[in-house]
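**Q** Quick one, model_1.txt (compact mmCIF, C-alpha atoms and all ligand atoms):
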```txt
# COMPACT_ATOMS: atom_id res chain seq x y z
CA MET E 1 10.16 -31.68 -37.10
CA THR E 2 10.76 -30.04 -40.44
CA THR E 3 12.58 -31.28 -43.49
CA SER E 4 14.10 -28.70 -45.77
CA THR E 5 16.38 -28.68 -48.79
CA THR E 6 19.07 -26.36 -50.08
CA ASP E 7 21.57 -26.36 -52.90
CA VAL E 8 24.58 -25.58 -50.70
CA ALA E 9 24.55 -26.14 -46.95
CA VAL E 10 27.32 -24.55 -44.90
CA VAL E 11 27.73 -25.78 -41.33
CA GLY E 12 29.62 -23.28 -39.18
CA GLY E 13 29.02 -19.54 -39.45
CA SER E 14 32.40 -17.96 -38.80
CA THR E 15 35.35 -16.96 -40.99
CA ALA E 16 35.40 -19.99 -43.32
CA GLY E 17 31.63 -20.58 -43.39
CA LEU E 18 30.87 -16.98 -44.28
CA ARG E 19 33.42 -16.92 -47.12
CA ALA E 20 31.99 -20.17 -48.48
CA ALA E 21 28.46 -18.75 -48.47
CA GLU E 22 29.71 -15.53 -50.07
CA ALA E 23 31.54 -17.40 -52.84
CA VAL E 24 28.41 -19.34 -53.79
CA ALA E 25 26.13 -16.31 -53.57
CA ARG E 26 28.43 -14.19 -55.74
CA HIS E 27 29.48 -16.75 -58.34
CA ALA E 28 26.34 -18.90 -58.57
CA PRO E 29 23.50 -16.62 -57.43
CA GLU E 30 20.93 -19.06 -58.81
CA LEU E 31 21.85 -21.55 -56.02
CA SER E 32 20.19 -21.48 -52.61
CA VAL E 33 22.58 -21.31 -49.63
CA THR E 34 21.79 -22.20 -46.01
CA VAL E 35 24.26 -21.47 -43.21
CA ILE E 36 23.83 -23.44 -39.99
CA SER E 37 25.48 -21.72 -37.03
CA ASP E 38 25.19 -22.56 -33.35
CA GLU E 39 26.02 -18.95 -32.45
CA PRO E 40 23.38 -16.25 -31.88
CA HIS E 41 25.20 -13.70 -34.08
CA LEU E 42 25.86 -13.29 -37.76
CA PRO E 43 29.53 -14.15 -38.50
CA TYR E 44 31.89 -11.74 -36.72
CA GLU E 45 35.64 -11.19 -36.47
CA LEU E 46 37.44 -13.21 -33.81
CA PRO E 47 40.88 -11.52 -33.89
CA PRO E 48 39.77 -8.34 -32.05
CA LEU E 49 38.48 -10.41 -29.10
CA SER E 50 41.99 -10.74 -27.67
CA LYS E 51 43.23 -7.34 -28.81
CA VAL E 52 40.59 -4.65 -28.14
CA ALA E 53 41.62 -2.44 -25.19
CA LEU E 54 39.79 -3.23 -21.95
CA ASP E 55 38.52 0.37 -21.76
CA ASP E 56 36.83 0.06 -25.15
CA ARG E 57 33.41 -1.51 -25.35
CA LEU E 58 33.30 -4.84 -27.13
CA ASP E 59 30.31 -4.53 -29.43
CA VAL E 60 29.32 -7.57 -31.46
CA ASP E 61 27.47 -5.43 -34.00
CA ALA E 62 30.73 -3.65 -34.77
CA LEU E 63 32.51 -7.00 -35.16
CA VAL E 64 29.95 -8.63 -37.48
CA TYR E 65 31.36 -8.70 -41.02
CA PRO E 66 29.44 -5.95 -42.85
CA PHE E 67 28.83 -8.12 -45.92
CA ALA E 68 27.16 -10.84 -43.81
CA ALA E 69 23.99 -8.72 -43.50
CA GLY E 70 24.16 -8.06 -47.24
CA LEU E 71 24.28 -11.78 -47.94
CA ARG E 72 21.29 -12.37 -45.67
CA ASP E 73 19.37 -9.59 -47.45
CA SER E 74 20.19 -11.15 -50.80
CA GLY E 75 18.72 -14.49 -49.75
CA VAL E 76 21.36 -16.53 -47.90
CA ASP E 77 19.44 -18.31 -45.16
CA PHE E 78 21.39 -17.90 -41.90
CA ARG E 79 19.95 -20.28 -39.32
CA LEU E 80 21.46 -18.99 -36.10
CA ASN E 81 21.31 -20.68 -32.67
CA THR E 82 21.11 -23.96 -34.58
CA ARG E 83 23.55 -26.74 -33.89
CA ALA E 84 24.14 -29.46 -36.48
CA LEU E 85 23.77 -32.75 -34.61
CA SER E 86 24.97 -35.26 -37.17
CA LEU E 87 25.68 -35.86 -40.85
CA ASP E 88 24.51 -38.64 -43.13
CA THR E 89 26.69 -38.50 -46.24
CA LYS E 90 24.70 -41.27 -47.96
CA SER E 91 21.46 -39.30 -48.00
CA ASN E 92 23.18 -35.86 -48.12
CA THR E 93 21.43 -34.84 -44.92
CA VAL E 94 22.42 -32.75 -41.91
CA VAL E 95 20.40 -33.51 -38.77
CA LEU E 96 19.32 -30.40 -36.85
CA PRO E 97 17.53 -30.11 -33.49
CA ASP E 98 14.21 -29.37 -35.22
CA GLY E 99 14.47 -31.51 -38.34
CA THR E 100 16.77 -32.21 -41.26
CA LEU E 101 18.42 -30.25 -44.04
CA THR E 102 19.16 -32.03 -47.32
CA TYR E 103 21.84 -30.51 -49.57
CA ARG E 104 23.31 -30.97 -53.04
CA ALA E 105 26.71 -29.87 -51.73
CA LEU E 106 27.92 -29.31 -48.19
CA VAL E 107 30.72 -27.17 -46.77
CA ILE E 108 31.82 -28.10 -43.26
CA ALA E 109 33.36 -25.14 -41.43
CA THR E 110 32.86 -25.91 -37.75
CA GLY E 111 36.37 -24.79 -36.83
CA CYS E 112 37.86 -25.46 -33.45
CA GLU E 113 37.00 -25.16 -29.78
CA ALA E 114 39.24 -24.23 -26.88
CA ILE E 115 40.84 -27.02 -24.84
CA VAL E 116 40.31 -26.65 -21.09
CA PRO E 117 42.35 -29.28 -19.16
CA PRO E 118 40.54 -31.09 -16.30
CA LEU E 119 42.52 -29.20 -13.61
CA PHE E 120 40.81 -25.98 -14.72
CA ALA E 121 37.44 -27.19 -16.03
CA GLY E 122 34.35 -26.24 -14.06
CA ARG E 123 36.12 -23.87 -11.66
CA PRO E 124 34.89 -20.32 -11.13
CA ARG E 125 36.74 -17.44 -12.81
CA VAL E 126 38.40 -19.73 -15.32
CA HIS E 127 38.05 -18.53 -18.91
CA ALA E 128 39.00 -19.64 -22.40
CA LEU E 129 38.73 -17.24 -25.32
CA ARG E 130 37.18 -18.47 -28.55
CA ARG E 131 33.78 -16.80 -29.02
CA PHE E 132 32.22 -13.40 -28.39
CA GLU E 133 30.47 -14.56 -25.20
CA ASP E 134 33.83 -15.89 -23.89
CA ALA E 135 35.33 -12.45 -24.41
CA THR E 136 32.55 -10.56 -22.64
CA ALA E 137 32.65 -12.97 -19.66
CA LEU E 138 36.43 -12.69 -19.48
CA ARG E 139 36.39 -8.90 -19.65
CA ALA E 140 33.81 -8.80 -16.84
CA ALA E 141 36.05 -11.09 -14.75
CA VAL E 142 39.08 -8.80 -15.14
CA ALA E 143 37.14 -5.58 -14.62
CA ASP E 144 38.38 -5.39 -11.01
CA PRO E 145 41.86 -3.80 -11.33
CA GLU E 146 42.93 -5.51 -8.08
CA ALA E 147 42.31 -9.00 -9.47
CA SER E 148 45.49 -10.85 -10.46
CA VAL E 149 45.31 -12.65 -13.79
CA ALA E 150 47.23 -15.79 -14.73
CA VAL E 151 47.32 -16.64 -18.42
CA VAL E 152 48.13 -20.32 -18.88
CA GLY E 153 49.68 -20.89 -22.31
CA ALA E 154 52.01 -18.39 -23.98
CA GLY E 155 50.77 -18.92 -27.54
CA PHE E 156 49.37 -16.12 -29.65
CA ILE E 157 45.95 -15.71 -28.05
CA GLY E 158 47.36 -15.97 -24.50
CA GLY E 159 50.14 -13.57 -25.39
CA GLU E 160 47.76 -11.09 -26.96
CA PHE E 161 45.41 -11.09 -24.00
CA ALA E 162 48.35 -10.71 -21.59
CA SER E 163 49.38 -7.70 -23.64
CA THR E 164 45.85 -6.23 -23.48
CA LEU E 165 45.84 -6.71 -19.69
CA VAL E 166 49.23 -5.06 -19.19
CA LYS E 167 48.07 -2.08 -21.21
CA ALA E 168 45.15 -1.77 -18.77
CA LYS E 169 47.64 -1.91 -15.87
CA ARG E 170 46.59 -5.29 -14.56
CA THR E 171 48.92 -7.71 -12.75
CA VAL E 172 49.49 -10.46 -15.31
CA SER E 173 51.46 -13.69 -15.25
CA LEU E 174 52.08 -15.75 -18.37
CA ILE E 175 52.82 -19.41 -17.73
CA ASP E 176 53.94 -22.07 -20.17
CA LEU E 177 55.19 -25.61 -19.91
CA ALA E 178 57.65 -24.85 -22.69
CA ALA E 179 60.88 -23.22 -21.58
CA LYS E 180 60.94 -21.30 -24.85
CA PRO E 181 57.49 -20.66 -26.32
CA LEU E 182 57.55 -20.18 -30.11
CA ASP E 183 60.89 -21.96 -30.43
CA ARG E 184 59.44 -23.82 -33.40
CA PHE E 185 60.41 -20.57 -35.17
CA GLY E 186 63.94 -20.80 -33.75
CA GLU E 187 65.67 -19.73 -30.53
CA ARG E 188 66.07 -16.12 -31.68
CA VAL E 189 62.29 -15.74 -32.07
CA ALA E 190 61.60 -17.47 -28.75
CA ASP E 191 64.04 -15.12 -26.98
CA ALA E 192 62.59 -12.04 -28.68
CA TYR E 193 59.06 -13.15 -27.74
CA ALA E 194 59.96 -13.71 -24.08
CA ALA E 195 61.82 -10.37 -23.93
CA LEU E 196 58.81 -8.59 -25.44
CA HIS E 197 56.59 -9.78 -22.61
CA ARG E 198 59.15 -9.39 -19.85
CA ASP E 199 60.02 -5.81 -20.89
CA ALA E 200 56.33 -4.91 -20.94
CA GLY E 201 55.89 -6.03 -17.33
CA VAL E 202 54.32 -9.47 -17.74
CA GLY E 203 55.42 -11.97 -15.08
CA LEU E 204 56.88 -14.83 -17.11
CA PHE E 205 56.93 -18.39 -15.75
CA LEU E 206 58.36 -20.68 -18.40
CA GLY E 207 59.39 -24.32 -18.43
CA ASN E 208 56.93 -25.13 -15.68
CA GLY E 209 53.45 -26.62 -15.79
CA VAL E 210 50.56 -25.91 -13.44
CA VAL E 211 50.16 -28.88 -11.08
CA ASP E 212 47.61 -27.55 -8.60
CA ILE E 213 45.41 -24.62 -7.63
CA THR E 214 45.20 -23.33 -4.04
CA GLU E 215 42.98 -20.76 -2.36
CA GLU E 216 43.68 -18.91 0.87
CA ASP E 217 41.90 -15.88 2.34
CA GLY E 218 39.93 -15.55 -0.86
CA ARG E 219 43.07 -15.22 -3.03
CA ARG E 220 43.77 -17.95 -5.52
CA ARG E 221 47.19 -19.17 -6.65
CA LEU E 222 48.50 -21.61 -9.23
CA VAL E 223 51.07 -24.10 -8.01
CA LEU E 224 53.76 -24.74 -10.61
CA GLY E 225 55.83 -27.92 -10.97
CA ASP E 226 58.79 -26.43 -9.13
CA GLY E 227 56.58 -25.21 -6.26
CA THR E 228 56.35 -21.58 -7.42
CA LEU E 229 53.04 -19.91 -6.48
CA VAL E 230 51.50 -17.58 -9.05
CA PRO E 231 48.63 -15.19 -8.16
CA ALA E 232 45.56 -16.23 -10.12
CA ASP E 233 42.30 -14.62 -9.05
CA VAL E 234 41.29 -14.96 -12.69
CA ILE E 235 42.67 -17.75 -14.89
CA VAL E 236 42.79 -17.53 -18.67
CA VAL E 237 43.40 -20.90 -20.32
CA GLY E 238 45.12 -20.58 -23.69
CA VAL E 239 46.62 -24.01 -24.19
CA GLY E 240 45.28 -24.66 -27.65
CA VAL E 241 42.23 -25.79 -29.56
CA ARG E 242 40.77 -28.99 -30.96
CA PRO E 243 38.77 -29.45 -34.17
CA SER E 244 34.98 -29.40 -33.59
CA ILE E 245 34.24 -32.83 -35.03
CA ASP E 246 32.04 -34.42 -32.35
CA TRP E 247 28.89 -33.91 -34.42
CA LEU E 248 30.53 -35.81 -37.30
CA ARG E 249 31.16 -39.11 -35.46
CA GLY E 250 29.58 -41.88 -37.51
CA SER E 251 29.53 -39.76 -40.67
CA GLY E 252 32.20 -41.89 -42.36
CA LEU E 253 34.58 -38.92 -42.80
CA THR E 254 38.23 -39.56 -41.99
CA PHE E 255 39.72 -37.77 -38.97
CA ASP E 256 43.44 -37.32 -38.58
CA ASN E 257 44.23 -34.10 -36.74
CA GLY E 258 41.16 -32.52 -38.38
CA ILE E 259 39.04 -33.80 -41.24
CA LEU E 260 41.11 -35.24 -44.07
CA ALA E 261 40.32 -33.74 -47.45
CA ASP E 262 41.85 -33.92 -50.92
CA ALA E 263 43.53 -31.07 -52.79
CA THR E 264 40.13 -29.63 -53.76
CA LEU E 265 39.11 -29.63 -50.06
CA ARG E 266 36.69 -32.47 -50.76
CA ALA E 267 36.29 -34.98 -47.92
CA ALA E 268 33.52 -37.21 -49.33
CA ASP E 269 30.98 -37.17 -52.17
CA ASN E 270 29.42 -33.68 -52.21
CA VAL E 271 31.24 -32.71 -48.99
CA PHE E 272 33.92 -29.99 -48.77
CA VAL E 273 35.74 -28.81 -45.66
CA ALA E 274 37.34 -25.43 -44.91
CA GLY E 275 39.05 -23.48 -42.15
CA ASP E 276 40.68 -24.54 -38.89
CA ILE E 277 39.08 -27.99 -39.12
CA VAL E 278 40.52 -29.22 -42.45
CA ARG E 279 43.75 -31.09 -43.11
CA TRP E 280 44.54 -31.11 -46.79
CA PRO E 281 47.56 -31.64 -49.08
CA ASN E 282 48.96 -28.18 -49.76
CA ALA E 283 50.78 -28.55 -53.07
CA ARG E 284 52.63 -25.30 -52.44
CA PHE E 285 54.66 -27.10 -49.76
CA ASP E 286 54.11 -30.65 -50.96
CA THR E 287 52.69 -31.75 -47.61
CA ALA E 288 49.39 -32.15 -45.77
CA MET E 289 48.66 -29.51 -43.13
CA ARG E 290 45.99 -28.02 -40.90
CA ILE E 291 46.19 -24.27 -40.28
CA GLU E 292 44.58 -22.40 -37.39
CA HIS E 293 44.75 -18.86 -38.74
CA TRP E 294 42.32 -16.34 -40.10
CA THR E 295 43.66 -15.86 -43.64
CA SER E 296 43.75 -19.55 -44.50
CA ALA E 297 40.23 -19.99 -43.09
CA ALA E 298 38.94 -17.19 -45.30
CA GLU E 299 40.81 -18.42 -48.39
CA GLN E 300 39.74 -22.04 -47.90
CA GLY E 301 36.14 -20.99 -47.25
CA ARG E 302 36.06 -19.19 -50.56
CA ALA E 303 37.69 -22.14 -52.37
CA ALA E 304 35.34 -24.70 -50.80
CA GLY E 305 32.30 -22.57 -51.66
CA MET E 306 33.45 -22.22 -55.27
CA ASN E 307 34.07 -25.97 -55.55
CA ALA E 308 30.65 -26.73 -54.04
CA ALA E 309 29.02 -24.51 -56.67
CA LYS E 310 31.12 -26.08 -59.44
CA LEU E 311 30.16 -29.58 -58.34
CA ILE E 312 26.49 -28.69 -58.70
CA SER E 313 27.05 -27.23 -62.17
CA GLY E 314 28.96 -30.36 -63.20
CA ALA E 315 32.33 -28.57 -63.44
CA LYS E 316 35.59 -29.88 -62.06
CA GLY E 317 36.75 -28.40 -58.75
CA ASP E 318 40.01 -26.46 -58.40
CA ASP E 319 42.88 -27.49 -56.17
CA PHE E 320 43.50 -25.21 -53.23
CA ALA E 321 47.07 -24.32 -52.30
CA ASN E 322 48.39 -21.34 -50.38
CA VAL E 323 51.25 -19.88 -48.39
CA PRO E 324 49.82 -19.89 -44.85
CA TYR E 325 50.02 -16.55 -43.05
CA PHE E 326 49.28 -15.16 -39.62
CA TRP E 327 49.71 -11.94 -37.72
CA SER E 328 49.62 -11.25 -33.99
CA ASP E 329 49.69 -7.91 -32.15
CA GLN E 330 51.40 -7.88 -28.77
CA HIS E 331 52.67 -4.90 -26.76
CA GLY E 332 52.48 -2.67 -29.82
CA VAL E 333 54.58 -5.06 -31.91
CA ARG E 334 53.17 -6.81 -34.94
CA ILE E 335 54.46 -10.36 -35.36
CA GLN E 336 53.85 -11.88 -38.80
CA PHE E 337 54.72 -15.14 -40.46
CA ALA E 338 54.19 -16.56 -43.92
CA GLY E 339 55.19 -20.05 -44.95
CA HIS E 340 55.35 -23.54 -43.50
CA LEU E 341 58.18 -24.92 -41.36
CA THR E 342 59.14 -28.50 -40.67
CA GLY E 343 61.95 -27.71 -38.23
CA ASP E 344 64.94 -28.54 -40.40
CA GLU E 345 65.34 -25.09 -41.98
CA GLU E 346 68.44 -22.97 -41.98
CA ILE E 347 67.73 -19.64 -40.29
CA VAL E 348 68.94 -16.40 -41.84
CA GLU E 349 68.46 -13.47 -39.51
CA SER E 350 68.38 -9.74 -40.03
CA SER E 351 68.02 -7.72 -36.85
CA THR E 352 67.85 -3.91 -36.96
CA ASP E 353 66.54 -1.12 -34.71
CA ASP E 354 63.28 -1.39 -36.68
CA GLY E 355 62.71 -5.00 -35.69
CA LEU E 356 63.59 -8.54 -36.55
CA LEU E 357 63.26 -10.37 -39.84
CA ILE E 358 63.95 -14.08 -40.18
CA LEU E 359 64.11 -16.10 -43.36
CA TYR E 360 63.85 -19.88 -43.25
CA ARG E 361 65.76 -21.70 -45.98
CA ARG E 362 65.30 -25.33 -46.93
CA GLY E 363 67.77 -26.23 -49.67
CA GLU E 364 67.01 -23.99 -52.62
CA VAL E 365 63.57 -22.91 -51.44
CA VAL E 366 62.26 -20.45 -48.88
CA ALA E 367 60.13 -22.21 -46.29
CA GLY E 368 58.98 -19.05 -44.55
CA VAL E 369 59.55 -15.52 -43.35
CA LEU E 370 58.84 -14.13 -39.90
CA ALA E 371 58.97 -10.54 -38.73
CA PHE E 372 58.66 -8.56 -35.54
CA GLU E 373 57.63 -5.17 -37.02
CA ARG E 374 59.59 -4.52 -40.30
CA ARG E 375 56.09 -4.32 -41.73
CA ALA E 376 56.78 -2.85 -45.18
CA GLN E 377 59.57 -5.34 -45.86
CA PHE E 378 57.42 -8.24 -44.65
CA VAL E 379 54.54 -7.25 -46.94
CA ARG E 380 56.85 -7.29 -49.96
CA LEU E 381 58.46 -10.58 -48.95
CA ARG E 382 55.09 -12.19 -48.40
CA ALA E 383 53.95 -11.05 -51.85
CA LEU E 384 57.14 -12.50 -53.32
CA LEU E 385 56.61 -15.80 -51.51
CA ARG E 386 53.12 -16.05 -52.93
CA ARG E 387 54.62 -15.89 -56.42
CA GLU E 388 57.61 -18.16 -55.91
CA LEU E 389 59.51 -19.98 -53.24
CA ARG E 390 62.96 -20.00 -54.86
CA TRP E 391 65.63 -19.00 -52.35
CA GLN E 392 67.54 -17.10 -55.03
CA ALA E 393 64.62 -14.73 -55.65
CA VAL E 394 64.33 -13.84 -51.96
CA ASP E 395 68.10 -13.56 -51.63
CA GLU E 396 68.17 -11.07 -54.49
CA PHE E 397 65.34 -9.11 -52.93
CA MET E 398 67.20 -8.86 -49.62
CA ARG E 399 70.35 -7.44 -51.23
C1 LIG Z 1 40.55 -14.52 -29.78
C2 LIG Z 1 41.09 -14.92 -31.12
C3 LIG Z 1 42.02 -14.11 -31.77
C4 LIG Z 1 42.56 -14.50 -32.99
N1 LIG Z 1 43.47 -13.68 -33.59
C5 LIG Z 1 44.03 -14.05 -34.77
C6 LIG Z 1 45.02 -13.22 -35.40
O1 LIG Z 1 45.39 -12.18 -34.88
N2 LIG Z 1 45.55 -13.65 -36.57
C7 LIG Z 1 45.18 -14.83 -37.18
O2 LIG Z 1 45.72 -15.17 -38.23
N3 LIG Z 1 44.23 -15.62 -36.61
C8 LIG Z 1 43.66 -15.26 -35.43
N4 LIG Z 1 42.71 -16.05 -34.84
C9 LIG Z 1 42.32 -17.34 -35.49
C10 LIG Z 1 41.20 -17.15 -36.50
O3 LIG Z 1 40.22 -16.30 -36.02
C11 LIG Z 1 40.65 -18.55 -36.83
O4 LIG Z 1 41.69 -19.26 -37.48
C12 LIG Z 1 39.44 -18.51 -37.76
O5 LIG Z 1 38.39 -17.77 -37.18
C13 LIG Z 1 38.94 -19.93 -38.04
O6 LIG Z 1 37.74 -19.84 -38.71
P1 LIG Z 1 36.78 -21.09 -38.93
O7 LIG Z 1 35.57 -20.55 -39.61
O8 LIG Z 1 37.53 -22.20 -39.55
O9 LIG Z 1 36.43 -21.62 -37.48
P2 LIG Z 1 35.78 -20.94 -36.21
O10 LIG Z 1 36.10 -19.48 -36.18
O11 LIG Z 1 36.21 -21.78 -35.07
O12 LIG Z 1 34.23 -21.07 -36.44
C14 LIG Z 1 33.52 -22.26 -36.39
C15 LIG Z 1 32.05 -21.93 -36.21
O13 LIG Z 1 31.31 -23.12 -36.27
C16 LIG Z 1 30.39 -23.15 -35.17
N5 LIG Z 1 30.06 -24.54 -34.89
C17 LIG Z 1 30.85 -25.51 -34.35
N6 LIG Z 1 30.19 -26.70 -34.30
C18 LIG Z 1 28.97 -26.47 -34.84
C19 LIG Z 1 27.84 -27.31 -35.10
N7 LIG Z 1 27.84 -28.62 -34.81
N8 LIG Z 1 26.73 -26.74 -35.65
C20 LIG Z 1 26.70 -25.41 -35.99
N9 LIG Z 1 27.74 -24.59 -35.77
C21 LIG Z 1 28.87 -25.12 -35.21
C22 LIG Z 1 31.15 -22.44 -34.06
O14 LIG Z 1 30.34 -21.98 -33.01
C23 LIG Z 1 31.74 -21.29 -34.85
O15 LIG Z 1 30.83 -20.26 -35.02
C24 LIG Z 1 42.14 -15.71 -33.60
C25 LIG Z 1 41.21 -16.52 -32.95
C26 LIG Z 1 40.68 -16.14 -31.73
C27 LIG Z 1 39.69 -17.03 -31.03
```
Kindly present the structure from the file in structure tokens form.

**A**
Amino acid sequence: MTTSTTDVAVVGGSTAGLRAAEAVARHAPELSVTVISDEPHLPYELPPLSKVALDDRLDVDALVYPFAAGLRDSGVDFRLNTRALSLDTKSNTVVLPDGTLTYRALVIATGCEAIVPPLFAGRPRVHALRRFEDATALRAAVADPEASVAVVGAGFIGGEFASTLVKAKRTVSLIDLAAKPLDRFGERVADAYAALHRDAGVGLFLGNGVVDITEEDGRRRLVLGDGTLVPADVIVVGVGVRPSIDWLRGSGLTFDNGILADATLRAADNVFVAGDIVRWPNARFDTAMRIEHWTSAAEQGRAAGMNAAKLISGAKGDDFANVPYFWSDQHGVRIQFAGHLTGDEEIVESSTDDGLLILYRRGEVVAGVLAFERRAQFVRLRALLRRELRWQAVDEFMR
């Protein structure tokens, strides 16, 4: 057993963890940084895992963020294949399989893990998609062009992988309990999303859950609530994720749909949290939220790293606020959203041959903007939203 010390410990070596380490290394190079990651790779991009064409090789070296190797060369200690087992916030210590790591400031960035409901868990040829190894196993499973694939869950990752499969001429079914996936963005978006998949040749089964799985003559089928049978030699489960907090039980941190943090992303003395795992009060929208998208993870990682370095130097941390953003690529269409919706917004729609643009208005402010294509316009609107949320400003822009 070894005991070691570091100025800043980062637990979780993905989007948020890497940005935290980078922020410390760049802005306080005198501080030592140790990144604890249970993965065997340096931090790599997750978004391509659901999007890269099946014919193209998935190469982890090509996905690793180029600056990660630079950080390692400049002294950031990446401890790969190392799982943090527990946290003692009183002694500022992370317990590792081979010893302990004591920090002056900690950034928790352990993200989320895929949910696999009991009906699917432990069965052969059932896959979730969260890490590089998941993607390689899944791609091997769908290598046989005769194998039917059922994607359970029509969210972004399920939808993207269905799109990748259709492009490779596979038989794909997309199943969701919701009758109108994405209707949190309004009926128009839900209809456009369903049409996108249907027109591309995806078999859509909506408003119906999977209640059983049957196998006959070596061919597997999902049984839906209304008795429909869906071919499912390979099953992809995309029903959502849960924050990776198991290792933090007993740490004294507060969990409420993620780890609760304050506006500076601080969850306890000397402890900051960033990425998919944090729920924090976002002053930009005057509400607490947890975001499961790449850009927020990167931005929060950087902010948490900066605040960790500031804490050590005795400076006050900065509040973190942003306009959450995501993109998704499906069937050649880029879907993008910026903002935060609560469901009571007025929807202002602009549909043209170039795509669909939706503005969400709450009183005199803009709560969000969503686009199918209309890329140039979306980029400008998103930039505007980052500066101000007044409805009048966006209204003037649209005229
Ligand atoms: C297939 C896929 C496609 C995506 N596409 C998009 C997209 O198009 N657009 C978009 O906006 N977002 C997309 N996302 C979401 C985006 O990638 C995530 O929001 C982002 O990666 C979250 O980063 P994170 O660092 O908070 O968490 P994670 O990426 O979940 O990383 C957490 C890391 O911590 C490690 N870890 C967990 N527990 C421990 C422990 N106890 N000890 C040590 N290490 C631990 C995990 O193994 C992992 O490496 C996609 C995600 C996936 C999976």

**Q** Please report the interatomic distance between atom CA of Leu196 of chain E and atom CA of Ala143 of chain E in Å with one decimal.

**A** 24.4 Å

**Q** Determine the axis-aligned bounding box of all atoms of ligand LIG 1 (chain Z) present in the file, pad each side by 5 Å, and express its centre and edge lengths in Å to one decimal place as lines of an AutoDock Vina configuration file.

**A**
```
center_x = 36.2
center_y = -20.4
center_z = -34.7
size_x = 29.0
size_y = 26.4
size_z = 19.8
```

**Q** To one decimal place, how far is atom CA of Lys90 of chain E from atom CA of Ala263 of chain E in Å?

**A**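 These two atoms are separated by 22.0 Å.
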
**Q** Choose the residue, out of E:Val152, E:Ala53, E:Val273, E:Ile235, that has the smallest atom-to-atom separation from Gly122 of chain E; count only C-alpha atoms.

**A**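 Closest to Gly122 of chain E of all the choices is E:Ile235.
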
**Q** Which residue, E:Val278, E:Val76, E:Ala69, E:Met398, has the smallest gap to ligand LIG 1 (chain Z) when you use only C-alpha atoms and all ligand atoms?

**A**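 The shortest atom-to-atom distance to ligand LIG 1 (chain Z) comes from E:Val278.
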
**Q** Residues up to 7 Å from ligand LIG 1 (chain Z), counting only C-alpha atoms and all ligand atoms: could you list those as a short mmCIF file (atom, residue, chain, number, x, y, z; two decimals) with C-alpha atoms, in the coordinates of the input?

**A**
```cif
data_model
loop_
_atom_site.label_atom_id
_atom_site.label_comp_id
_atom_site.auth_asym_id
_atom_site.auth_seq_id
_atom_site.Cartn_x
_atom_site.Cartn_y
_atom_site.Cartn_z
CA VAL E 11 27.73 -25.78 -41.33
CA GLY E 12 29.62 -23.28 -39.18
CA GLY E 13 29.02 -19.54 -39.45
CA SER E 14 32.40 -17.96 -38.80
CA THR E 15 35.35 -16.96 -40.99
CA ALA E 16 35.40 -19.99 -43.32
CA GLY E 17 31.63 -20.58 -43.39
CA ILE E 36 23.83 -23.44 -39.99
CA SER E 37 25.48 -21.72 -37.03
CA ASP E 38 25.19 -22.56 -33.35
CA GLU E 39 26.02 -18.95 -32.45
CA GLU E 45 35.64 -11.19 -36.47
CA LEU E 46 37.44 -13.21 -33.81
CA PRO E 47 40.88 -11.52 -33.89
CA PRO E 48 39.77 -8.34 -32.05
CA LEU E 49 38.48 -10.41 -29.10
CA SER E 50 41.99 -10.74 -27.67
CA THR E 82 21.11 -23.96 -34.58
CA ARG E 83 23.55 -26.74 -33.89
CA ALA E 84 24.14 -29.46 -36.48
CA LEU E 85 23.77 -32.75 -34.61
CA ALA E 109 33.36 -25.14 -41.43
CA THR E 110 32.86 -25.91 -37.75
CA GLY E 111 36.37 -24.79 -36.83
CA CYS E 112 37.86 -25.46 -33.45
CA GLU E 113 37.00 -25.16 -29.78
CA LEU E 129 38.73 -17.24 -25.32
CA ARG E 130 37.18 -18.47 -28.55
CA ARG E 131 33.78 -16.80 -29.02
CA ILE E 157 45.95 -15.71 -28.05
CA SER E 244 34.98 -29.40 -33.59
CA TRP E 247 28.89 -33.91 -34.42
CA ALA E 274 37.34 -25.43 -44.91
CA GLY E 275 39.05 -23.48 -42.15
CA ASP E 276 40.68 -24.54 -38.89
CA ILE E 277 39.08 -27.99 -39.12
CA GLU E 292 44.58 -22.40 -37.39
CA HIS E 293 44.75 -18.86 -38.74
CA TRP E 294 42.32 -16.34 -40.10
CA THR E 295 43.66 -15.86 -43.64
CA ALA E 297 40.23 -19.99 -43.09
CA TYR E 325 50.02 -16.55 -43.05
CA PHE E 326 49.28 -15.16 -39.62
CA TRP E 327 49.71 -11.94 -37.72
CA SER E 328 49.62 -11.25 -33.99
CA ASP E 329 49.69 -7.91 -32.15
#
```

**Q** Counting only C-alpha atoms, which of E:Thr171, E:Gly186, E:Val116, E:His27 gets nearest to Gly201 of chain E?

**A**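 Using only C-alpha atoms, the shortest distance to Gly201 of chain E belongs to E:Thr171.
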
**Q** Show which residues sit within 10 Å of Asn270 of chain E, as a list of chain:residue names. Count all atoms listed in the file, and ignore same-chain residues fewer than 6 positions away.

**A**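 Once the nearby chain positions are removed, what remains is E:Val8, E:Thr89, E:Lys90, E:Asn92, E:Tyr103, E:Arg104, E:Ala105, E:Leu106, E:Val107, E:Asn307, E:Ala308, E:Leu311, E:Ile312.
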
**Q** Using Å and a single decimal, report how far atom CA of Gly355 of chain E sits from atom CA of Val333 of chain E.

**A** 9.0 Å
